[in-house]
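One file, model-v9.cif, is given below (mmCIF, C-alpha atoms).
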data_coords
#
loop_
_atom_site.label_atom_id
_atom_site.label_comp_id
_atom_site.auth_asym_id
_atom_site.auth_seq_id
_atom_site.Cartn_x
_atom_site.Cartn_y
_atom_site.Cartn_z
CA MET H 1 87.80 80.87 104.91
CA LYS H 2 90.52 83.48 105.40
CA LYS H 3 91.94 82.68 101.96
CA ASN H 4 88.57 83.32 100.31
CA ILE H 5 88.19 86.69 102.02
CA ILE H 6 91.68 87.74 100.92
CA PHE H 7 90.95 86.61 97.36
CA ILE H 8 87.67 88.54 97.23
CA LEU H 9 89.30 91.62 98.76
CA ALA H 10 92.11 91.48 96.18
CA PHE H 11 89.54 91.12 93.40
CA PHE H 12 87.66 94.23 94.54
CA ILE H 13 90.87 96.22 94.94
CA VAL H 14 92.01 95.35 91.42
CA TRP H 15 88.52 96.11 90.11
CA ALA H 16 88.48 99.56 91.72
CA LEU H 17 92.04 100.40 90.65
CA ILE H 18 91.40 99.55 87.00
CA ALA H 19 88.17 101.57 86.94
CA LEU H 20 89.93 104.50 88.61
CA LEU H 21 92.87 104.30 86.22
CA CYS H 22 90.57 104.37 83.18
CA HIS H 23 88.69 107.33 84.63
CA LEU H 24 91.89 109.25 85.36
CA LEU H 25 93.24 108.55 81.89
CA ASN H 26 90.04 109.89 80.41
CA LEU H 27 90.29 113.05 82.52
CA ILE H 28 93.98 113.66 81.87
CA LEU H 29 94.16 112.78 78.19
CA ALA H 30 90.61 113.81 77.24
CA LEU H 31 90.19 110.73 75.08
CA ASN H 32 86.88 110.37 73.32
CA TRP H 33 86.99 106.59 73.05
CA LEU H 34 86.69 106.02 76.79
CA PRO H 35 83.23 106.02 78.40
CA ASN H 36 81.70 109.11 79.95
CA ASN H 37 79.55 107.60 82.70
CA TRP H 38 80.59 105.70 85.81
CA GLN H 39 78.66 102.51 84.98
CA GLU H 40 80.91 101.80 82.02
CA TYR H 41 84.01 102.29 84.16
CA VAL H 42 82.64 99.70 86.57
CA ILE H 43 82.20 97.24 83.69
CA ILE H 44 85.72 97.92 82.39
CA GLY H 45 87.11 97.49 85.90
CA PHE H 46 85.29 94.18 86.33
CA ALA H 47 86.59 92.86 83.02
CA GLY H 48 90.12 93.92 83.94
CA ALA H 49 89.87 92.31 87.37
CA MET H 50 88.62 89.06 85.86
CA ALA H 51 91.49 89.03 83.38
CA GLY H 52 94.03 90.01 86.02
CA ILE H 53 92.97 87.36 88.52
CA PHE H 54 92.05 84.45 86.25
CA GLY H 55 94.30 85.18 83.25
CA PRO H 56 97.50 83.76 84.77
CA ILE H 57 95.63 80.69 86.00
CA LEU H 58 94.26 80.06 82.51
CA ALA H 59 97.67 80.65 80.92
CA ALA H 60 99.30 78.14 83.27
CA TRP H 61 96.61 75.58 82.52
CA ILE H 62 97.02 76.03 78.75
CA SER H 63 100.82 75.78 78.90
CA LYS H 64 100.52 72.64 81.05
CA TYR H 65 98.10 71.15 78.52
CA PHE H 66 100.42 71.82 75.56
CA LYS H 67 103.49 70.51 77.39
CA LYS H 68 101.63 67.29 78.17
CA ASN H 69 100.62 66.75 74.54
CA SER H 70 104.03 67.47 72.98
#
Rewrite the structure of this file - the entire thing - as C-alpha coordinates.
Amino acid sequence: MKKNIIFILAFFIVWALIALLCHLLNLILALNWLPNNWQEYVIIGFAGAMAGIFGPILAAWISKYFKKNS
(Lines of atoms letter the chains of each structure in order from A and count residues from 1; the text may use other names and numbers.)
(Lines give C-alpha, C1' and ligand atoms only; values in the text may rest on other atoms or scores of the structure.)
Protein backbone atom coordinates (compact mmCIF):
# COMPACT_ATOMS: atom_id res chain seq x y z
CA MET A 1 0.00 0.00 0.00
CA LYS A 2 2.82 2.40 0.86
CA LYS A 3 4.46 1.72 -2.51
CA ASN A 4 1.28 2.67 -4.36
CA ILE A 5 0.94 5.94 -2.47
CA ILE A 6 4.56 6.84 -3.24
CA PHE A 7 4.06 5.97 -6.91
CA ILE A 8 0.91 8.11 -7.16
CA LEU A 9 2.59 10.98 -5.32
CA ALA A 10 5.58 10.82 -7.68
CA PHE A 11 3.22 10.79 -10.67
CA PHE A 12 1.43 13.93 -9.48
CA ILE A 13 4.71 15.70 -8.71
CA VAL A 14 6.07 14.97 -12.18
CA TRP A 15 2.74 16.02 -13.70
CA ALA A 16 2.77 19.36 -11.88
CA LEU A 17 6.44 20.04 -12.62
CA ILE A 18 6.05 19.45 -16.35
CA ALA A 19 2.95 21.66 -16.53
CA LEU A 20 4.74 24.38 -14.55
CA LEU A 21 7.84 24.14 -16.72
CA CYS A 22 5.80 24.53 -19.92
CA HIS A 23 3.97 27.50 -18.43
CA LEU A 24 7.21 29.18 -17.34
CA LEU A 25 8.80 28.61 -20.73
CA ASN A 26 5.80 30.23 -22.36
CA LEU A 27 6.06 33.23 -20.04
CA ILE A 28 9.82 33.65 -20.37
CA LEU A 29 10.24 32.99 -24.07
CA ALA A 30 6.83 34.28 -25.22
CA LEU A 31 6.41 31.36 -27.60
CA ASN A 32 3.24 31.31 -29.62
CA TRP A 33 3.16 27.56 -30.13
CA LEU A 34 2.53 26.79 -26.47
CA PRO A 35 -1.04 26.90 -25.12
CA ASN A 36 -2.51 29.98 -23.50
CA ASN A 37 -4.96 28.45 -21.02
CA TRP A 38 -4.27 26.31 -17.97
CA GLN A 39 -6.30 23.29 -19.14
CA GLU A 40 -3.87 22.62 -21.96
CA TYR A 41 -0.92 22.80 -19.56
CA VAL A 42 -2.62 20.15 -17.44
CA ILE A 43 -2.97 17.90 -20.50
CA ILE A 44 0.68 18.44 -21.48
CA GLY A 45 1.75 17.72 -17.91
CA PHE A 46 -0.28 14.51 -17.83
CA ALA A 47 1.21 13.31 -21.11
CA GLY A 48 4.70 14.10 -19.86
CA ALA A 49 4.09 12.31 -16.57
CA MET A 50 2.78 9.23 -18.37
CA ALA A 51 5.84 9.18 -20.62
CA GLY A 52 8.21 9.84 -17.74
CA ILE A 53 6.81 7.12 -15.51
CA PHE A 54 5.91 4.41 -18.02
CA GLY A 55 8.43 5.18 -20.79
CA PRO A 56 11.42 3.48 -19.12
CA ILE A 57 9.28 0.46 -18.23
CA LEU A 58 8.16 0.12 -21.85
CA ALA A 59 11.72 0.59 -23.14
CA ALA A 60 13.01 -2.14 -20.83
CA TRP A 61 10.25 -4.49 -21.95
CA ILE A 62 10.98 -3.83 -25.64
CA SER A 63 14.73 -4.33 -25.22
CA LYS A 64 14.10 -7.56 -23.31
CA TYR A 65 11.80 -8.75 -26.10
CA PHE A 66 14.38 -8.05 -28.83
CA LYS A 67 17.22 -9.66 -26.85
CA LYS A 68 15.13 -12.79 -26.43
CA ASN A 69 14.38 -13.05 -30.15
CA SER A 70 17.93 -12.45 -31.40
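Take the candidates H:Phe54, H:Trp15, H:Phe7, H:Phe66 and check each one against Val42 (chain H) using only C-alpha atoms; the shortest distance goes to H:Trp15.
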Just the residues within 12 Å of Gly48 (chain H), please, counting all atoms listed in the file, with nothing from its chain fewer than 6 positions along; format it as a short mmCIF file (atom, residue, chain, number, x, y, z; two decimals) with C-alpha atoms, in the coordinates of the input.
data_model
loop_
_atom_site.label_atom_id
_atom_site.label_comp_id
_atom_site.auth_asym_id
_atom_site.auth_seq_id
_atom_site.Cartn_x
_atom_site.Cartn_y
_atom_site.Cartn_z
CA PHE H 11 89.54 91.12 93.40
CA PHE H 12 87.66 94.23 94.54
CA ILE H 13 90.87 96.22 94.94
CA VAL H 14 92.01 95.35 91.42
CA TRP H 15 88.52 96.11 90.11
CA ALA H 16 88.48 99.56 91.72
CA LEU H 17 92.04 100.40 90.65
CA ILE H 18 91.40 99.55 87.00
CA ALA H 19 88.17 101.57 86.94
CA LEU H 20 89.93 104.50 88.61
CA LEU H 21 92.87 104.30 86.22
CA CYS H 22 90.57 104.37 83.18
CA TYR H 41 84.01 102.29 84.16
CA VAL H 42 82.64 99.70 86.57
CA PHE H 54 92.05 84.45 86.25
CA GLY H 55 94.30 85.18 83.25
#
Would you work out the distance separating CA of Leu27 (chain H) from CA of Ile53 (chain H), expressed in Å to one decimal?
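Here the two named atoms are 26.5 Å from each other.
The coordinates place CA of Gly52 (chain H) at 25.2 Å from CA of Lys68 (chain H).
Across the model, the gap from CA of Leu9 (chain H) to CA of Glu40 (chain H) is 21.3 Å.
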Can you write region 45-60 of chain H from the block above with all heavy atoms, as a PDB file, in the first residue's frame?
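File decode15.pdb, as written:
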ATOM      1  N   GLY H  45       1.128  18.285 -19.100  1.00  0.00           N
ATOM      2  CA  GLY H  45       1.754  17.719 -17.906  1.00  0.00           C
ATOM      3  C   GLY H  45       1.395  16.261 -17.712  1.00  0.00           C
ATOM      4  O   GLY H  45       2.245  15.446 -17.344  1.00  0.00           O
ATOM      5  N   PHE H  46       0.140  15.905 -17.962  1.00  0.00           N
ATOM      6  CA  PHE H  46      -0.280  14.510 -17.826  1.00  0.00           C
ATOM      7  C   PHE H  46       0.434  13.627 -18.844  1.00  0.00           C
ATOM      8  O   PHE H  46       0.906  12.537 -18.501  1.00  0.00           O
ATOM      9  CB  PHE H  46      -1.796  14.393 -17.999  1.00  0.00           C
ATOM     10  CG  PHE H  46      -2.303  12.998 -17.844  1.00  0.00           C
ATOM     11  CD1 PHE H  46      -2.406  12.431 -16.593  1.00  0.00           C
ATOM     12  CD2 PHE H  46      -2.664  12.256 -18.949  1.00  0.00           C
ATOM     13  CE1 PHE H  46      -2.870  11.134 -16.437  1.00  0.00           C
ATOM     14  CE2 PHE H  46      -3.128  10.968 -18.814  1.00  0.00           C
ATOM     15  CZ  PHE H  46      -3.235  10.399 -17.545  1.00  0.00           C
ATOM     16  N   ALA H  47       0.515  14.092 -20.079  1.00  0.00           N
ATOM     17  CA  ALA H  47       1.206  13.307 -21.107  1.00  0.00           C
ATOM     18  C   ALA H  47       2.683  13.142 -20.761  1.00  0.00           C
ATOM     19  O   ALA H  47       3.248  12.049 -20.927  1.00  0.00           O
ATOM     20  CB  ALA H  47       1.056  13.980 -22.458  1.00  0.00           C
ATOM     21  N   GLY H  48       3.303  14.186 -20.262  1.00  0.00           N
ATOM     22  CA  GLY H  48       4.700  14.096 -19.862  1.00  0.00           C
ATOM     23  C   GLY H  48       4.906  13.170 -18.682  1.00  0.00           C
ATOM     24  O   GLY H  48       5.887  12.422 -18.626  1.00  0.00           O
ATOM     25  N   ALA H  49       3.992  13.196 -17.729  1.00  0.00           N
ATOM     26  CA  ALA H  49       4.095  12.308 -16.568  1.00  0.00           C
ATOM     27  C   ALA H  49       3.911  10.855 -16.988  1.00  0.00           C
ATOM     28  O   ALA H  49       4.623   9.969 -16.498  1.00  0.00           O
ATOM     29  CB  ALA H  49       3.068  12.694 -15.517  1.00  0.00           C
ATOM     30  N   MET H  50       2.982  10.606 -17.886  1.00  0.00           N
ATOM     31  CA  MET H  50       2.783   9.233 -18.372  1.00  0.00           C
ATOM     32  C   MET H  50       4.040   8.732 -19.071  1.00  0.00           C
ATOM     33  O   MET H  50       4.471   7.602 -18.852  1.00  0.00           O
ATOM     34  CB  MET H  50       1.589   9.173 -19.330  1.00  0.00           C
ATOM     35  CG  MET H  50       0.258   9.383 -18.668  1.00  0.00           C
ATOM     36  SD  MET H  50      -0.193   8.059 -17.575  1.00  0.00           S
ATOM     37  CE  MET H  50      -0.621   6.802 -18.738  1.00  0.00           C
ATOM     38  N   ALA H  51       4.622   9.573 -19.910  1.00  0.00           N
ATOM     39  CA  ALA H  51       5.837   9.177 -20.620  1.00  0.00           C
ATOM     40  C   ALA H  51       7.004   9.025 -19.658  1.00  0.00           C
ATOM     41  O   ALA H  51       7.816   8.101 -19.797  1.00  0.00           O
ATOM     42  CB  ALA H  51       6.172  10.207 -21.693  1.00  0.00           C
ATOM     43  N   GLY H  52       7.104   9.898 -18.679  1.00  0.00           N
ATOM     44  CA  GLY H  52       8.215   9.839 -17.739  1.00  0.00           C
ATOM     45  C   GLY H  52       8.149   8.644 -16.808  1.00  0.00           C
ATOM     46  O   GLY H  52       9.176   8.080 -16.433  1.00  0.00           O
ATOM     47  N   ILE H  53       6.966   8.244 -16.430  1.00  0.00           N
ATOM     48  CA  ILE H  53       6.808   7.120 -15.507  1.00  0.00           C
ATOM     49  C   ILE H  53       6.829   5.787 -16.256  1.00  0.00           C
ATOM     50  O   ILE H  53       7.516   4.847 -15.865  1.00  0.00           O
ATOM     51  CB  ILE H  53       5.501   7.257 -14.696  1.00  0.00           C
ATOM     52  CG1 ILE H  53       5.528   8.520 -13.850  1.00  0.00           C
ATOM     53  CG2 ILE H  53       5.257   6.029 -13.839  1.00  0.00           C
ATOM     54  CD1 ILE H  53       6.487   8.522 -12.694  1.00  0.00           C
ATOM     55  N   PHE H  54       6.072   5.693 -17.341  1.00  0.00           N
ATOM     56  CA  PHE H  54       5.915   4.412 -18.021  1.00  0.00           C
ATOM     57  C   PHE H  54       6.845   4.223 -19.209  1.00  0.00           C
ATOM     58  O   PHE H  54       6.985   3.116 -19.719  1.00  0.00           O
ATOM     59  CB  PHE H  54       4.464   4.233 -18.473  1.00  0.00           C
ATOM     60  CG  PHE H  54       3.511   4.166 -17.320  1.00  0.00           C
ATOM     61  CD1 PHE H  54       2.605   5.178 -17.092  1.00  0.00           C
ATOM     62  CD2 PHE H  54       3.548   3.103 -16.447  1.00  0.00           C
ATOM     63  CE1 PHE H  54       1.731   5.137 -16.027  1.00  0.00           C
ATOM     64  CE2 PHE H  54       2.684   3.034 -15.370  1.00  0.00           C
ATOM     65  CZ  PHE H  54       1.777   4.061 -15.154  1.00  0.00           C
ATOM     66  N   GLY H  55       7.501   5.290 -19.670  1.00  0.00           N
ATOM     67  CA  GLY H  55       8.428   5.177 -20.790  1.00  0.00           C
ATOM     68  C   GLY H  55       9.600   4.247 -20.526  1.00  0.00           C
ATOM     69  O   GLY H  55       9.887   3.352 -21.344  1.00  0.00           O
ATOM     70  N   PRO H  56      10.311   4.402 -19.394  1.00  0.00           N
ATOM     71  CA  PRO H  56      11.419   3.482 -19.119  1.00  0.00           C
ATOM     72  C   PRO H  56      10.976   2.029 -18.940  1.00  0.00           C
ATOM     73  O   PRO H  56      11.697   1.110 -19.334  1.00  0.00           O
ATOM     74  CB  PRO H  56      12.008   4.023 -17.813  1.00  0.00           C
ATOM     75  CG  PRO H  56      11.623   5.444 -17.790  1.00  0.00           C
ATOM     76  CD  PRO H  56      10.282   5.518 -18.468  1.00  0.00           C
ATOM     77  N   ILE H  57       9.798   1.824 -18.387  1.00  0.00           N
ATOM     78  CA  ILE H  57       9.281   0.460 -18.231  1.00  0.00           C
ATOM     79  C   ILE H  57       9.030  -0.158 -19.599  1.00  0.00           C
ATOM     80  O   ILE H  57       9.403  -1.309 -19.861  1.00  0.00           O
ATOM     81  CB  ILE H  57       7.994   0.476 -17.383  1.00  0.00           C
ATOM     82  CG1 ILE H  57       8.300   0.965 -15.978  1.00  0.00           C
ATOM     83  CG2 ILE H  57       7.335  -0.895 -17.357  1.00  0.00           C
ATOM     84  CD1 ILE H  57       7.079   1.260 -15.140  1.00  0.00           C
ATOM     85  N   LEU H  58       8.426   0.604 -20.490  1.00  0.00           N
ATOM     86  CA  LEU H  58       8.161   0.124 -21.847  1.00  0.00           C
ATOM     87  C   LEU H  58       9.455  -0.117 -22.614  1.00  0.00           C
ATOM     88  O   LEU H  58       9.594  -1.121 -23.322  1.00  0.00           O
ATOM     89  CB  LEU H  58       7.273   1.115 -22.590  1.00  0.00           C
ATOM     90  CG  LEU H  58       6.856   0.743 -24.005  1.00  0.00           C
ATOM     91  CD1 LEU H  58       6.014  -0.534 -23.982  1.00  0.00           C
ATOM     92  CD2 LEU H  58       6.085   1.872 -24.635  1.00  0.00           C
ATOM     93  N   ALA H  59      10.434   0.767 -22.456  1.00  0.00           N
ATOM     94  CA  ALA H  59      11.719   0.595 -23.138  1.00  0.00           C
ATOM     95  C   ALA H  59      12.444  -0.663 -22.656  1.00  0.00           C
ATOM     96  O   ALA H  59      13.031  -1.390 -23.462  1.00  0.00           O
ATOM     97  CB  ALA H  59      12.587   1.827 -22.913  1.00  0.00           C
ATOM     98  N   ALA H  60      12.387  -0.928 -21.361  1.00  0.00           N
ATOM     99  CA  ALA H  60      13.015  -2.143 -20.830  1.00  0.00           C
ATOM    100  C   ALA H  60      12.309  -3.391 -21.353  1.00  0.00           C
ATOM    101  O   ALA H  60      12.966  -4.386 -21.695  1.00  0.00           O
ATOM    102  CB  ALA H  60      12.989  -2.125 -19.309  1.00  0.00           C
TER     103      ALA H  60
END
